[in-house]
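K.L.:
I'd like to ask you about the structure that follows.
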Amino acid sequence: GQQVMQIPQYQHVQEGEDFTTYCNSSTTLSNIQWYKQRPGGHPVFLIQLVKSGEVKKQKRLTFQFGEAKKNSSLHITATQTTDVGTYFCAPKAAGNKLTFGGGTRVLVKP
Amino acid sequence: NAGVMQNPRHLVRRRGQEARLRCSPMKGHSHVYWYRQLPEEGLKFMVYLQKENIIDESGMPKERFSAEFPKEGPSILRIQQVVRGDSAAYFCASSPDGAYEQYFGPGTRLTVT
């Protein structure tokens, strides 16, 4: 199946700072989805990227799909305490199966 | 439109007992997925079902685990003769025809003592 590695595993961020989390695959992906899971909560869909080099923005979140479609990134600007949680990338294979990465756990220092 | 519903939210079972986890998808969604999440880990796909059919069960352990999505009623994930290693959060997700995103329920946190 399509395996993805996420780095870093943990991200401690000062409130107001920017950070980036990465999702890497050894194989070419047809698409990549991103989900956010708050502590004690359930995953919530954020975005899907399909095209090579695609960039999508949601307010302070910028999602990018690499030119070779083997990696993706999520950049958050001006981090807020509401950004706390774990961010997962997940390619969706044929047949709707999602393969989640290990996630990046984001902790925000006020 | 109510979201995906799962019950119970917390379930405690002794080793050797059976656990039944229920999932009601969002209205109009005919695709149901089950995932398992161990503490501090990502979600692992278990099974994908449509009404009355198992589409992909490649993530299901071969023994003790079964899933169904009957014509009427919720989807059921059944774990027989639970062991301590089955302790985890089990999430159900649903999606409508043609959609790419999945909508997750609140999960059932199973503890095996």
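Ligands are numbered from 1 in the order shown, residues from 1 within each chain, and chains are lettered A, B, ... in the order they appear in the structure tokens.
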Could you make a table, as a tab-separated table, of the residues of chain B that have an atom within 9 Å of an atom of chain A, each with its nearest atom pair and distance in Å to one decimal, counting only C-alpha atoms, in chain and number order?

P.N.:
residue	atom	partner	partner_atom	distance
B:Tyr33	CA	A:Lys97	CA	8.2
B:Glu40	CA	A:Gly102	CA	8.3
B:Glu41	CA	A:Gly102	CA	5.7
B:Gly42	CA	A:Gly102	CA	4.5
B:Leu43	CA	A:Phe100	CA	5.8
B:Lys44	CA	A:Phe100	CA	6.8
B:Phe45	CA	A:Thr99	CA	6.7
B:Val47	CA	A:Lys97	CA	8.5
B:Tyr48	CA	A:Lys97	CA	7.4
B:Ile55	CA	A:Gly95	CA	8.0
B:Asp56	CA	A:Gly95	CA	7.7
B:Phe91	CA	A:His42	CA	7.7
B:Tyr100	CA	A:Asn96	CA	7.5
B:Glu101	CA	A:Phe45	CA	6.5
B:Gln102	CA	A:Phe45	CA	6.9
B:Tyr103	CA	A:Val44	CA	6.9
B:Phe104	CA	A:Pro43	CA	6.2
B:Gly105	CA	A:His42	CA	6.7
B:Pro106	CA	A:His42	CA	5.4
B:Gly107	CA	A:His42	CA	6.8

K.L.:
I need the chosen residues saved as a PDB file, in the first residue's frame, with N, CA, C and O atoms.

P.N.:
ATOM      1  N   TYR B  33     -16.544   3.220   6.715  1.00  0.00           N
ATOM      2  CA  TYR B  33     -15.174   2.763   6.925  1.00  0.00           C
ATOM      3  C   TYR B  33     -14.937   2.630   8.423  1.00  0.00           C
ATOM      4  O   TYR B  33     -15.414   3.452   9.194  1.00  0.00           O
ATOM      5  N   GLU B  40      -1.185   7.690  20.622  1.00  0.00           N
ATOM      6  CA  GLU B  40      -0.034   8.355  20.008  1.00  0.00           C
ATOM      7  C   GLU B  40       0.315   7.811  18.623  1.00  0.00           C
ATOM      8  O   GLU B  40       1.447   7.966  18.160  1.00  0.00           O
ATOM      9  N   GLU B  41      -0.625   7.178  17.977  1.00  0.00           N
ATOM     10  CA  GLU B  41      -0.356   6.665  16.634  1.00  0.00           C
ATOM     11  C   GLU B  41      -1.395   7.170  15.643  1.00  0.00           C
ATOM     12  O   GLU B  41      -2.404   7.766  16.018  1.00  0.00           O
ATOM     13  N   GLY B  42      -1.129   6.914  14.366  1.00  0.00           N
ATOM     14  CA  GLY B  42      -2.088   7.270  13.336  1.00  0.00           C
ATOM     15  C   GLY B  42      -3.209   6.253  13.258  1.00  0.00           C
ATOM     16  O   GLY B  42      -3.207   5.252  13.959  1.00  0.00           O
ATOM     17  N   LEU B  43      -4.171   6.542  12.404  1.00  0.00           N
ATOM     18  CA  LEU B  43      -5.304   5.635  12.235  1.00  0.00           C
ATOM     19  C   LEU B  43      -4.946   4.554  11.222  1.00  0.00           C
ATOM     20  O   LEU B  43      -4.342   4.844  10.183  1.00  0.00           O
ATOM     21  N   LYS B  44      -5.357   3.339  11.531  1.00  0.00           N
ATOM     22  CA  LYS B  44      -5.100   2.214  10.634  1.00  0.00           C
ATOM     23  C   LYS B  44      -6.418   1.728  10.047  1.00  0.00           C
ATOM     24  O   LYS B  44      -7.348   1.403  10.781  1.00  0.00           O
ATOM     25  N   PHE B  45      -6.482   1.688   8.737  1.00  0.00           N
ATOM     26  CA  PHE B  45      -7.676   1.229   8.039  1.00  0.00           C
ATOM     27  C   PHE B  45      -7.966  -0.232   8.404  1.00  0.00           C
ATOM     28  O   PHE B  45      -7.063  -1.070   8.478  1.00  0.00           O
ATOM     29  N   VAL B  47     -11.636  -1.753   7.517  1.00  0.00           N
ATOM     30  CA  VAL B  47     -12.604  -2.328   6.576  1.00  0.00           C
ATOM     31  C   VAL B  47     -13.440  -1.221   5.958  1.00  0.00           C
ATOM     32  O   VAL B  47     -13.656  -0.167   6.578  1.00  0.00           O
ATOM     33  N   TYR B  48     -13.885  -1.474   4.720  1.00  0.00           N
ATOM     34  CA  TYR B  48     -14.735  -0.546   3.967  1.00  0.00           C
ATOM     35  C   TYR B  48     -15.977  -1.322   3.538  1.00  0.00           C
ATOM     36  O   TYR B  48     -15.859  -2.392   2.925  1.00  0.00           O
ATOM     37  N   ILE B  55     -16.509  -4.269   0.933  1.00  0.00           N
ATOM     38  CA  ILE B  55     -15.766  -3.903  -0.278  1.00  0.00           C
ATOM     39  C   ILE B  55     -14.283  -4.188  -0.119  1.00  0.00           C
ATOM     40  O   ILE B  55     -13.620  -4.673  -1.040  1.00  0.00           O
ATOM     41  N   ASP B  56     -13.730  -3.862   1.043  1.00  0.00           N
ATOM     42  CA  ASP B  56     -12.293  -4.044   1.270  1.00  0.00           C
ATOM     43  C   ASP B  56     -12.099  -4.341   2.745  1.00  0.00           C
ATOM     44  O   ASP B  56     -12.435  -3.504   3.583  1.00  0.00           O
ATOM     45  N   PHE B  91     -12.654   4.235  15.208  1.00  0.00           N
ATOM     46  CA  PHE B  91     -13.396   5.303  14.541  1.00  0.00           C
ATOM     47  C   PHE B  91     -14.108   4.763  13.318  1.00  0.00           C
ATOM     48  O   PHE B  91     -13.558   3.969  12.552  1.00  0.00           O
ATOM     49  N   TYR B 100     -14.865  12.593  -1.984  1.00  0.00           N
ATOM     50  CA  TYR B 100     -13.544  12.087  -1.653  1.00  0.00           C
ATOM     51  C   TYR B 100     -13.230  12.199  -0.166  1.00  0.00           C
ATOM     52  O   TYR B 100     -12.421  11.465   0.360  1.00  0.00           O
ATOM     53  N   GLU B 101     -13.891  13.134   0.541  1.00  0.00           N
ATOM     54  CA  GLU B 101     -13.583  13.261   1.963  1.00  0.00           C
ATOM     55  C   GLU B 101     -14.434  12.295   2.776  1.00  0.00           C
ATOM     56  O   GLU B 101     -15.519  11.888   2.360  1.00  0.00           O
ATOM     57  N   GLN B 102     -13.886  11.933   3.930  1.00  0.00           N
ATOM     58  CA  GLN B 102     -14.602  11.053   4.846  1.00  0.00           C
ATOM     59  C   GLN B 102     -14.934  11.820   6.118  1.00  0.00           C
ATOM     60  O   GLN B 102     -14.130  12.621   6.599  1.00  0.00           O
ATOM     61  N   TYR B 103     -16.126  11.562   6.640  1.00  0.00           N
ATOM     62  CA  TYR B 103     -16.610  12.232   7.842  1.00  0.00           C
ATOM     63  C   TYR B 103     -16.547  11.240   8.993  1.00  0.00           C
ATOM     64  O   TYR B 103     -17.174  10.178   8.922  1.00  0.00           O
ATOM     65  N   PHE B 104     -15.797  11.619  10.017  1.00  0.00           N
ATOM     66  CA  PHE B 104     -15.554  10.698  11.108  1.00  0.00           C
ATOM     67  C   PHE B 104     -16.533  10.901  12.268  1.00  0.00           C
ATOM     68  O   PHE B 104     -16.945  12.030  12.562  1.00  0.00           O
ATOM     69  N   GLY B 105     -16.851   9.778  12.915  1.00  0.00           N
ATOM     70  CA  GLY B 105     -17.620   9.830  14.143  1.00  0.00           C
ATOM     71  C   GLY B 105     -16.706  10.087  15.328  1.00  0.00           C
ATOM     72  O   GLY B 105     -15.486  10.153  15.182  1.00  0.00           O
ATOM     73  N   PRO B 106     -17.297  10.220  16.534  1.00  0.00           N
ATOM     74  CA  PRO B 106     -16.515  10.557  17.726  1.00  0.00           C
ATOM     75  C   PRO B 106     -15.661   9.409  18.242  1.00  0.00           C
ATOM     76  O   PRO B 106     -14.810   9.618  19.090  1.00  0.00           O
ATOM     77  N   GLY B 107     -15.893   8.203  17.734  1.00  0.00           N
ATOM     78  CA  GLY B 107     -15.082   7.070  18.145  1.00  0.00           C
ATOM     79  C   GLY B 107     -15.644   6.312  19.331  1.00  0.00           C
ATOM     80  O   GLY B 107     -16.440   6.847  20.115  1.00  0.00           O
TER      81      GLY B 107
END

K.L.:
Write out as a PyMOL selection string which residues come within 10 Å of A:Ser25 when counting only C-alpha atoms, dropping same-chain ones fewer than 4 positions away.

P.N.:
chain A and resi 2-6+29+69-72+91+101

K.L.:
With distances taken over only C-alpha atoms, which residue among A:Tyr10, A:Leu74, A:Gln80, A:Ser52 lies nearest A:Cys23?

P.N.:
A:Leu74

K.L.:
Determine the nearest neighbour of B:Ser24 from the options B:Cys92, B:Leu77, B:Leu110, B:Ala99, counting only C-alpha atoms.

P.N.:
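Of all the options, B:Cys92 lies closest to B:Ser24.
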
K.L.:
What's the 12 Å shell around A:Gln11, counting only C-alpha atoms, without same-chain residues fewer than 5 positions away, as a list in words?

P.N.:
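Everything that qualifies: Gln6, Glu17, Asp18, Phe19, Thr20, Thr21, Tyr22, Ile76, Thr79, Asp83, Val84, Gly85, Thr86, Tyr87, Gly103, Thr104, Arg105, Val106, Leu107, Val108 and Lys109 of chain A.
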
K.L.:
Take the selection from the previous step and output its residues with N, CA, C and O atoms, as a PDB file, in the first residue's frame.

P.N.:
ATOM      1  N   GLN A   6       5.550  11.206   8.195  1.00  0.00           N
ATOM      2  CA  GLN A   6       5.341  12.603   8.542  1.00  0.00           C
ATOM      3  C   GLN A   6       6.437  13.065   9.489  1.00  0.00           C
ATOM      4  O   GLN A   6       6.775  12.380  10.450  1.00  0.00           O
ATOM      5  N   GLU A  17       4.114  32.283  15.974  1.00  0.00           N
ATOM      6  CA  GLU A  17       5.152  31.869  15.027  1.00  0.00           C
ATOM      7  C   GLU A  17       4.549  31.000  13.912  1.00  0.00           C
ATOM      8  O   GLU A  17       3.422  30.534  14.009  1.00  0.00           O
ATOM      9  N   ASP A  18       5.367  30.785  12.880  1.00  0.00           N
ATOM     10  CA  ASP A  18       4.963  29.927  11.760  1.00  0.00           C
ATOM     11  C   ASP A  18       5.636  28.562  11.915  1.00  0.00           C
ATOM     12  O   ASP A  18       6.692  28.446  12.565  1.00  0.00           O
ATOM     13  N   PHE A  19       5.063  27.548  11.299  1.00  0.00           N
ATOM     14  CA  PHE A  19       5.751  26.268  11.220  1.00  0.00           C
ATOM     15  C   PHE A  19       5.236  25.486  10.019  1.00  0.00           C
ATOM     16  O   PHE A  19       4.166  25.790   9.455  1.00  0.00           O
ATOM     17  N   THR A  20       6.026  24.476   9.644  1.00  0.00           N
ATOM     18  CA  THR A  20       5.673  23.617   8.516  1.00  0.00           C
ATOM     19  C   THR A  20       5.825  22.162   8.922  1.00  0.00           C
ATOM     20  O   THR A  20       6.786  21.788   9.593  1.00  0.00           O
ATOM     21  N   THR A  21       4.881  21.349   8.512  1.00  0.00           N
ATOM     22  CA  THR A  21       4.970  19.914   8.709  1.00  0.00           C
ATOM     23  C   THR A  21       4.961  19.227   7.346  1.00  0.00           C
ATOM     24  O   THR A  21       4.319  19.709   6.405  1.00  0.00           O
ATOM     25  N   TYR A  22       5.688  18.109   7.262  1.00  0.00           N
ATOM     26  CA  TYR A  22       5.928  17.483   5.967  1.00  0.00           C
ATOM     27  C   TYR A  22       5.407  16.045   5.931  1.00  0.00           C
ATOM     28  O   TYR A  22       5.384  15.335   6.940  1.00  0.00           O
ATOM     29  N   ILE A  76       1.562  26.600   8.581  1.00  0.00           N
ATOM     30  CA  ILE A  76       0.623  27.409   9.368  1.00  0.00           C
ATOM     31  C   ILE A  76       1.324  28.691   9.775  1.00  0.00           C
ATOM     32  O   ILE A  76       2.426  28.658  10.349  1.00  0.00           O
ATOM     33  N   THR A  79       0.684  31.028  14.393  1.00  0.00           N
ATOM     34  CA  THR A  79       0.027  29.943  15.120  1.00  0.00           C
ATOM     35  C   THR A  79      -0.795  30.452  16.295  1.00  0.00           C
ATOM     36  O   THR A  79      -0.358  31.341  17.039  1.00  0.00           O
ATOM     37  N   ASP A  83      -4.867  26.008  17.047  1.00  0.00           N
ATOM     38  CA  ASP A  83      -4.195  25.115  16.100  1.00  0.00           C
ATOM     39  C   ASP A  83      -3.672  23.847  16.768  1.00  0.00           C
ATOM     40  O   ASP A  83      -3.169  22.950  16.086  1.00  0.00           O
ATOM     41  N   VAL A  84      -3.789  23.767  18.089  1.00  0.00           N
ATOM     42  CA  VAL A  84      -3.341  22.575  18.805  1.00  0.00           C
ATOM     43  C   VAL A  84      -4.061  21.332  18.290  1.00  0.00           C
ATOM     44  O   VAL A  84      -5.266  21.348  18.049  1.00  0.00           O
ATOM     45  N   GLY A  85      -3.291  20.263  18.111  1.00  0.00           N
ATOM     46  CA  GLY A  85      -3.884  19.012  17.647  1.00  0.00           C
ATOM     47  C   GLY A  85      -2.859  18.221  16.860  1.00  0.00           C
ATOM     48  O   GLY A  85      -1.693  18.599  16.779  1.00  0.00           O
ATOM     49  N   THR A  86      -3.314  17.131  16.273  1.00  0.00           N
ATOM     50  CA  THR A  86      -2.459  16.311  15.435  1.00  0.00           C
ATOM     51  C   THR A  86      -2.924  16.426  14.001  1.00  0.00           C
ATOM     52  O   THR A  86      -4.114  16.288  13.711  1.00  0.00           O
ATOM     53  N   TYR A  87      -1.984  16.693  13.117  1.00  0.00           N
ATOM     54  CA  TYR A  87      -2.279  16.847  11.698  1.00  0.00           C
ATOM     55  C   TYR A  87      -1.796  15.600  10.967  1.00  0.00           C
ATOM     56  O   TYR A  87      -0.618  15.229  11.056  1.00  0.00           O
ATOM     57  N   GLY A 103       1.315  11.267  11.792  1.00  0.00           N
ATOM     58  CA  GLY A 103       0.846  12.534  12.326  1.00  0.00           C
ATOM     59  C   GLY A 103       1.942  13.418  12.886  1.00  0.00           C
ATOM     60  O   GLY A 103       3.013  12.943  13.278  1.00  0.00           O
ATOM     61  N   THR A 104       1.670  14.706  12.908  1.00  0.00           N
ATOM     62  CA  THR A 104       2.513  15.684  13.596  1.00  0.00           C
ATOM     63  C   THR A 104       1.688  16.276  14.725  1.00  0.00           C
ATOM     64  O   THR A 104       0.636  16.874  14.469  1.00  0.00           O
ATOM     65  N   ARG A 105       2.170  16.093  15.958  1.00  0.00           N
ATOM     66  CA  ARG A 105       1.455  16.600  17.127  1.00  0.00           C
ATOM     67  C   ARG A 105       1.937  18.003  17.418  1.00  0.00           C
ATOM     68  O   ARG A 105       3.124  18.203  17.691  1.00  0.00           O
ATOM     69  N   VAL A 106       1.029  18.956  17.357  1.00  0.00           N
ATOM     70  CA  VAL A 106       1.367  20.365  17.507  1.00  0.00           C
ATOM     71  C   VAL A 106       0.952  20.858  18.885  1.00  0.00           C
ATOM     72  O   VAL A 106      -0.217  20.738  19.272  1.00  0.00           O
ATOM     73  N   LEU A 107       1.924  21.396  19.586  1.00  0.00           N
ATOM     74  CA  LEU A 107       1.674  22.002  20.897  1.00  0.00           C
ATOM     75  C   LEU A 107       2.033  23.474  20.786  1.00  0.00           C
ATOM     76  O   LEU A 107       3.077  23.822  20.228  1.00  0.00           O
ATOM     77  N   VAL A 108       1.177  24.338  21.303  1.00  0.00           N
ATOM     78  CA  VAL A 108       1.382  25.772  21.181  1.00  0.00           C
ATOM     79  C   VAL A 108       1.686  26.356  22.552  1.00  0.00           C
ATOM     80  O   VAL A 108       0.912  26.157  23.504  1.00  0.00           O
ATOM     81  N   LYS A 109       2.786  27.076  22.622  1.00  0.00           N
ATOM     82  CA  LYS A 109       3.169  27.733  23.870  1.00  0.00           C
ATOM     83  C   LYS A 109       2.664  29.170  23.843  1.00  0.00           C
ATOM     84  O   LYS A 109       3.021  29.933  22.954  1.00  0.00           O
TER      85      LYS A 109
END

K.L.:
Write out as number ranges by chain the residues lying within 7 Å of stretch 61-63 of chain A, counting only C-alpha atoms and excluding same-chain residues fewer than 4 positions away.

P.N.:
A: 55-57, 73-77

K.L.:
Could you jot down the atom CA of B:Gly16 to atom CA of B:Val82 separation for me, Å, one decimal place?

P.N.:
5.0 Å

K.L.:
Name the residues in contact with stretch 62-67 of chain B at a cut-off of 10 Å, using only C-alpha atoms, excluding same-chain residues fewer than 5 positions from it; report them as a list of chain:residue names.

P.N.:
B:Glu18, B:Ala19, B:Arg20, B:Leu21, B:Arg22, B:Tyr33, B:Trp34, B:Met46, B:Val47, B:Tyr48, B:Leu49, B:Asn53, B:Ile54, B:Glu57, B:Ser75, B:Ile76, B:Leu77, B:Arg78, B:Ile79, B:Gln80, B:Gln81, B:Val82

K.L.:
Got a sec to tell me which of chain B DSSP assigns to strand (DSSP E), as a short mmCIF file (atom, residue, chain, number, x, y, z; two decimals) with N, CA, C and O atoms, in the first residue's frame?

P.N.:
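What ended up in result-v5.cif:
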data_model
loop_
_atom_site.label_atom_id
_atom_site.label_comp_id
_atom_site.auth_asym_id
_atom_site.auth_seq_id
_atom_site.Cartn_x
_atom_site.Cartn_y
_atom_site.Cartn_z
N MET B 5 -22.64 8.92 13.93
CA MET B 5 -22.85 8.58 15.34
C MET B 5 -22.25 7.22 15.66
O MET B 5 -22.40 6.27 14.87
N GLN B 6 -21.59 7.17 16.79
CA GLN B 6 -21.01 5.91 17.24
C GLN B 6 -21.43 5.66 18.68
O GLN B 6 -21.47 6.58 19.49
N ASN B 7 -21.73 4.42 18.97
CA ASN B 7 -21.98 4.05 20.37
C ASN B 7 -21.57 2.62 20.61
O ASN B 7 -21.54 1.81 19.68
N HIS B 10 -17.58 4.79 25.16
CA HIS B 10 -16.57 4.08 25.95
C HIS B 10 -17.11 2.68 26.24
O HIS B 10 -18.28 2.54 26.56
N LEU B 11 -16.23 1.71 26.13
CA LEU B 11 -16.63 0.32 26.35
C LEU B 11 -15.51 -0.39 27.09
O LEU B 11 -14.36 -0.35 26.66
N VAL B 12 -15.87 -1.02 28.20
CA VAL B 12 -14.89 -1.79 28.97
C VAL B 12 -15.29 -3.26 28.90
O VAL B 12 -16.44 -3.60 29.17
N ARG B 13 -14.36 -4.08 28.51
CA ARG B 13 -14.60 -5.52 28.43
C ARG B 13 -13.46 -6.26 29.11
O ARG B 13 -12.32 -5.82 29.09
N ALA B 19 -16.98 -7.64 22.08
CA ALA B 19 -17.25 -6.21 21.99
C ALA B 19 -18.01 -5.94 20.69
O ALA B 19 -17.64 -6.44 19.63
N ARG B 20 -19.08 -5.17 20.80
CA ARG B 20 -19.87 -4.76 19.62
C ARG B 20 -19.89 -3.25 19.56
O ARG B 20 -20.36 -2.58 20.47
N LEU B 21 -19.38 -2.72 18.45
CA LEU B 21 -19.30 -1.28 18.25
C LEU B 21 -20.25 -0.92 17.11
O LEU B 21 -20.24 -1.57 16.06
N ARG B 22 -21.01 0.14 17.33
CA ARG B 22 -22.03 0.52 16.35
C ARG B 22 -21.71 1.86 15.71
O ARG B 22 -21.18 2.76 16.36
N CYS B 23 -22.08 1.97 14.46
CA CYS B 23 -21.84 3.20 13.71
C CYS B 23 -23.03 3.50 12.82
O CYS B 23 -23.41 2.67 11.98
N SER B 24 -23.62 4.67 12.99
CA SER B 24 -24.68 5.14 12.09
C SER B 24 -24.10 6.23 11.22
O SER B 24 -23.72 7.30 11.72
N HIS B 31 -21.41 4.75 2.21
CA HIS B 31 -20.08 4.16 2.36
C HIS B 31 -19.64 4.31 3.81
O HIS B 31 -19.69 5.42 4.36
N VAL B 32 -19.20 3.22 4.41
CA VAL B 32 -18.76 3.22 5.81
C VAL B 32 -17.37 2.60 5.90
O VAL B 32 -17.07 1.60 5.24
N TYR B 33 -16.54 3.22 6.71
CA TYR B 33 -15.17 2.76 6.93
C TYR B 33 -14.94 2.63 8.42
O TYR B 33 -15.41 3.45 9.19
N TRP B 34 -14.11 1.65 8.80
CA TRP B 34 -13.69 1.52 10.19
C TRP B 34 -12.17 1.65 10.26
O TRP B 34 -11.45 1.06 9.45
N TYR B 35 -11.71 2.41 11.28
CA TYR B 35 -10.29 2.60 11.52
C TYR B 35 -10.01 2.33 12.99
O TYR B 35 -10.85 2.57 13.85
N ARG B 36 -8.77 1.91 13.27
CA ARG B 36 -8.35 1.71 14.65
C ARG B 36 -7.18 2.64 14.94
O ARG B 36 -6.29 2.79 14.09
N GLN B 37 -7.18 3.23 16.12
CA GLN B 37 -6.11 4.13 16.50
C GLN B 37 -5.58 3.75 17.88
O GLN B 37 -6.31 3.79 18.87
N LEU B 43 -4.17 6.54 12.40
CA LEU B 43 -5.30 5.63 12.23
C LEU B 43 -4.95 4.55 11.22
O LEU B 43 -4.34 4.84 10.18
N LYS B 44 -5.36 3.34 11.53
CA LYS B 44 -5.10 2.21 10.63
C LYS B 44 -6.42 1.73 10.05
O LYS B 44 -7.35 1.40 10.78
N PHE B 45 -6.48 1.69 8.74
CA PHE B 45 -7.68 1.23 8.04
C PHE B 45 -7.97 -0.23 8.40
O PHE B 45 -7.06 -1.07 8.48
N MET B 46 -9.24 -0.51 8.63
CA MET B 46 -9.64 -1.88 8.91
C MET B 46 -10.52 -2.45 7.79
O MET B 46 -10.19 -3.45 7.18
N VAL B 47 -11.64 -1.75 7.52
CA VAL B 47 -12.60 -2.33 6.58
C VAL B 47 -13.44 -1.22 5.96
O VAL B 47 -13.66 -0.17 6.58
N TYR B 48 -13.88 -1.47 4.72
CA TYR B 48 -14.73 -0.55 3.97
C TYR B 48 -15.98 -1.32 3.54
O TYR B 48 -15.86 -2.39 2.92
N LEU B 49 -17.14 -0.77 3.87
CA LEU B 49 -18.39 -1.45 3.56
C LEU B 49 -19.36 -0.50 2.85
O LEU B 49 -19.34 0.71 3.06
N GLN B 50 -20.17 -1.09 1.99
CA GLN B 50 -21.36 -0.44 1.50
C GLN B 50 -22.53 -1.31 1.94
O GLN B 50 -22.33 -2.43 2.38
N ASN B 53 -22.62 -5.10 1.77
CA ASN B 53 -21.42 -5.63 1.11
C ASN B 53 -20.14 -5.17 1.79
O ASN B 53 -20.03 -4.02 2.21
N ILE B 54 -19.18 -6.09 1.91
CA ILE B 54 -17.83 -5.73 2.33
C ILE B 54 -17.02 -5.48 1.07
O ILE B 54 -16.88 -6.37 0.23
N ILE B 55 -16.51 -4.27 0.93
CA ILE B 55 -15.77 -3.90 -0.28
C ILE B 55 -14.28 -4.19 -0.12
O ILE B 55 -13.62 -4.67 -1.04
N ASP B 56 -13.73 -3.86 1.04
CA ASP B 56 -12.29 -4.04 1.27
C ASP B 56 -12.10 -4.34 2.75
O ASP B 56 -12.44 -3.50 3.58
N PHE B 65 -12.30 -10.73 14.40
CA PHE B 65 -12.89 -9.46 13.98
C PHE B 65 -13.85 -9.69 12.81
O PHE B 65 -13.54 -10.44 11.89
N SER B 66 -14.99 -9.03 12.86
CA SER B 66 -15.92 -9.08 11.73
C SER B 66 -16.68 -7.76 11.68
O SER B 66 -16.78 -7.04 12.68
N ALA B 67 -17.19 -7.44 10.49
CA ALA B 67 -17.94 -6.20 10.32
C ALA B 67 -19.09 -6.45 9.38
O ALA B 67 -19.02 -7.31 8.50
N GLU B 68 -20.16 -5.68 9.59
CA GLU B 68 -21.31 -5.77 8.71
C GLU B 68 -21.96 -4.41 8.60
O GLU B 68 -21.82 -3.55 9.48
N SER B 75 -23.94 0.09 11.06
CA SER B 75 -22.84 -0.82 10.82
C SER B 75 -22.33 -1.32 12.17
O SER B 75 -22.33 -0.57 13.15
N ILE B 76 -21.92 -2.56 12.21
CA ILE B 76 -21.43 -3.17 13.45
C ILE B 76 -20.02 -3.69 13.22
O ILE B 76 -19.75 -4.40 12.23
N LEU B 77 -19.13 -3.35 14.15
CA LEU B 77 -17.80 -3.96 14.20
C LEU B 77 -17.80 -4.86 15.43
O LEU B 77 -18.07 -4.40 16.54
N ARG B 78 -17.52 -6.13 15.21
CA ARG B 78 -17.62 -7.11 16.28
C ARG B 78 -16.25 -7.72 16.54
O ARG B 78 -15.56 -8.13 15.61
N ILE B 79 -15.87 -7.71 17.80
CA ILE B 79 -14.60 -8.30 18.20
C ILE B 79 -14.90 -9.41 19.21
O ILE B 79 -15.42 -9.15 20.29
N ALA B 88 -8.07 0.20 22.20
CA ALA B 88 -7.77 1.24 21.23
C ALA B 88 -9.02 2.09 21.05
O ALA B 88 -10.08 1.79 21.59
N ALA B 89 -8.86 3.16 20.26
CA ALA B 89 -10.02 3.92 19.82
C ALA B 89 -10.40 3.43 18.44
O ALA B 89 -9.54 3.29 17.56
N TYR B 90 -11.67 3.14 18.25
CA TYR B 90 -12.18 2.67 16.96
C TYR B 90 -13.06 3.76 16.37
O TYR B 90 -14.07 4.15 16.96
N PHE B 91 -12.65 4.24 15.21
CA PHE B 91 -13.40 5.30 14.54
C PHE B 91 -14.11 4.76 13.32
O PHE B 91 -13.56 3.97 12.55
N CYS B 92 -15.31 5.24 13.16
CA CYS B 92 -16.09 4.96 11.96
C CYS B 92 -16.15 6.25 11.15
O CYS B 92 -16.18 7.35 11.72
N ALA B 93 -16.12 6.12 9.83
CA ALA B 93 -16.28 7.27 8.96
C ALA B 93 -17.28 6.92 7.86
O ALA B 93 -17.48 5.73 7.56
N SER B 94 -17.89 7.94 7.31
CA SER B 94 -18.81 7.67 6.20
C SER B 94 -18.60 8.71 5.10
O SER B 94 -18.01 9.78 5.32
N SER B 95 -19.06 8.36 3.91
CA SER B 95 -19.01 9.30 2.80
C SER B 95 -20.15 9.00 1.84
O SER B 95 -20.63 7.86 1.76
N TYR B 103 -16.13 11.56 6.64
CA TYR B 103 -16.61 12.23 7.84
C TYR B 103 -16.55 11.24 8.99
O TYR B 103 -17.17 10.18 8.92
N PHE B 104 -15.80 11.62 10.02
CA PHE B 104 -15.55 10.70 11.11
C PHE B 104 -16.53 10.90 12.27
O PHE B 104 -16.94 12.03 12.56
N THR B 108 -15.25 5.06 19.42
CA THR B 108 -15.51 4.23 20.60
C THR B 108 -14.17 3.85 21.20
O THR B 108 -13.32 3.29 20.50
N ARG B 109 -13.99 4.19 22.45
CA ARG B 109 -12.73 3.86 23.13
C ARG B 109 -12.93 2.57 23.91
O ARG B 109 -13.65 2.55 24.89
N LEU B 110 -12.28 1.52 23.41
CA LEU B 110 -12.40 0.19 24.00
C LEU B 110 -11.24 -0.06 24.94
O LEU B 110 -10.07 0.13 24.57
N THR B 111 -11.57 -0.47 26.15
CA THR B 111 -10.56 -0.85 27.12
C THR B 111 -10.80 -2.30 27.52
O THR B 111 -11.91 -2.66 27.92
N VAL B 112 -9.77 -3.10 27.39
CA VAL B 112 -9.86 -4.52 27.76
C VAL B 112 -9.06 -4.73 29.04
O VAL B 112 -7.87 -4.42 29.10
#
